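Student: Could you have a look at this structure, given as structure tokens, before my questions?
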Amino acid sequence: MRTYAGAVSAAKDYQVQMKPFRAEPSETDVTVRTQAVPSRGDPIQLDYRLEKTAAGWKIYDVNVLGVWLVENYRNTFAGEINRGGIDGLIKSLAERNKALEGKAS
């Protein structure tokens, strides 16, 4: 999440354009398509998958330039699990978070 959040927060002078969207009232899972258009350069595809919950619509996946966050991490996590099991994945995530916290300070 920090990688995606950092990229989005670094995007200054961008206009977000919503793509046409129509959902049926009965739908509980939708994709909202947008583009982040810089003052110069090419637009960036930025889409969101949302699920309707009792508390309202919640974003559960983000697509930046054609890469879905959940799919990307599913593949990464599968590789970590194959190498070191669930404990190896948890250790790797803890180490990565600790390293990122050090950089943020």
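Chain identifiers are assigned as A, B, and so on, following the order in which chains appear in the structure tokens; residues are numbered from 1 within each chain, and ligands are numbered from 1 in order of appearance.
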Got a sec to tell me which of chain A DSSP assigns to strand (DSSP E or B), as a PDB file with C-alpha atoms, in the first residue's frame?
Tutor:
```
ATOM      1  CA  TYR A  14      -3.020  16.055 -12.115  1.00  0.00           C
ATOM      2  CA  GLN A  15      -6.683  16.256 -13.028  1.00  0.00           C
ATOM      3  CA  VAL A  16      -8.701  13.123 -12.271  1.00  0.00           C
ATOM      4  CA  GLN A  17     -11.210  12.294 -14.982  1.00  0.00           C
ATOM      5  CA  MET A  18     -13.996   9.821 -14.290  1.00  0.00           C
ATOM      6  CA  ASP A  29     -19.286  -5.230  -6.879  1.00  0.00           C
ATOM      7  CA  VAL A  30     -18.231  -2.574  -9.403  1.00  0.00           C
ATOM      8  CA  THR A  31     -15.152  -1.159 -11.119  1.00  0.00           C
ATOM      9  CA  VAL A  32     -14.815   2.615 -11.359  1.00  0.00           C
ATOM     10  CA  ARG A  33     -12.479   3.720 -14.120  1.00  0.00           C
ATOM     11  CA  THR A  34     -10.560   6.976 -13.962  1.00  0.00           C
ATOM     12  CA  GLN A  35      -7.550   8.652 -15.527  1.00  0.00           C
ATOM     13  CA  ALA A  36      -5.075  10.930 -13.828  1.00  0.00           C
ATOM     14  CA  VAL A  37      -4.151  13.491 -16.466  1.00  0.00           C
ATOM     15  CA  PRO A  38      -0.957  15.487 -15.871  1.00  0.00           C
ATOM     16  CA  ILE A  44      -2.323   7.393 -16.067  1.00  0.00           C
ATOM     17  CA  GLN A  45      -4.978   4.674 -15.818  1.00  0.00           C
ATOM     18  CA  LEU A  46      -6.250   4.524 -12.236  1.00  0.00           C
ATOM     19  CA  ASP A  47      -9.184   2.186 -11.575  1.00  0.00           C
ATOM     20  CA  TYR A  48     -10.863   1.042  -8.378  1.00  0.00           C
ATOM     21  CA  ARG A  49     -12.800  -2.093  -7.489  1.00  0.00           C
ATOM     22  CA  LEU A  50     -15.489  -1.448  -4.909  1.00  0.00           C
ATOM     23  CA  GLU A  51     -17.807  -3.685  -2.911  1.00  0.00           C
ATOM     24  CA  LYS A  52     -21.082  -2.555  -1.404  1.00  0.00           C
ATOM     25  CA  THR A  53     -21.196  -3.355   2.311  1.00  0.00           C
ATOM     26  CA  GLY A  56     -21.346   1.712   2.318  1.00  0.00           C
ATOM     27  CA  TRP A  57     -19.041   1.268  -0.687  1.00  0.00           C
ATOM     28  CA  LYS A  58     -15.487   0.147   0.140  1.00  0.00           C
ATOM     29  CA  ILE A  59     -12.473   0.092  -2.189  1.00  0.00           C
ATOM     30  CA  TYR A  60     -10.773  -3.310  -2.074  1.00  0.00           C
ATOM     31  CA  ASP A  61      -8.445  -3.163  -5.071  1.00  0.00           C
ATOM     32  CA  VAL A  62      -6.628  -0.510  -7.089  1.00  0.00           C
ATOM     33  CA  ASN A  63      -5.310  -0.697 -10.653  1.00  0.00           C
ATOM     34  CA  VAL A  64      -2.422   1.561 -11.606  1.00  0.00           C
ATOM     35  CA  VAL A  67      -1.598  -3.724 -12.597  1.00  0.00           C
ATOM     36  CA  TRP A  68      -4.158  -4.699  -9.954  1.00  0.00           C
TER      37      TRP A  68
END
```
Student: Report, in Å to a single decimal, how far apart CA of Gly79 in chain A and CA of Lys91 in chain A are.
Tutor: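 CA of Gly79 in chain A lies 13.7 Å from CA of Lys91 in chain A.
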Student: Please, what distance in Å, to one decimal, runs between CA of Asn97 in chain A and CA of Phe77 in chain A?
Tutor: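 Going from CA of Asn97 in chain A over to CA of Phe77 in chain A covers 14.6 Å.
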Student: For a quick check of understanding, using only C-alpha atoms, which of A:Ala94, A:Ala99, A:Ala55, A:Leu65 has the smallest distance to Pro43 in chain A?
Tutor: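 So, comparing all the options, the nearest one is A:Leu65.
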Student: As an exercise, work out the distance from CA of Arg74 in chain A to CA of Leu89 in chain A in Å and give it to one decimal place.
Tutor: 11.6 Å
Student: Would you mind telling me which residue in A:Arg83, A:Tyr73, A:Asp13, A:Ala78 lies nearest to Ser39 in chain A when using only C-alpha atoms?
Tutor: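 Of all the options, A:Asp13 lies closest to Ser39 in chain A.
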Student: When DSSP is applied to the backbone of this structure, which of chain A are assigned helix (DSSP H, G or I)? Write them out as an NGL selection string.
Tutor: :A and (2-10 or 69-104)
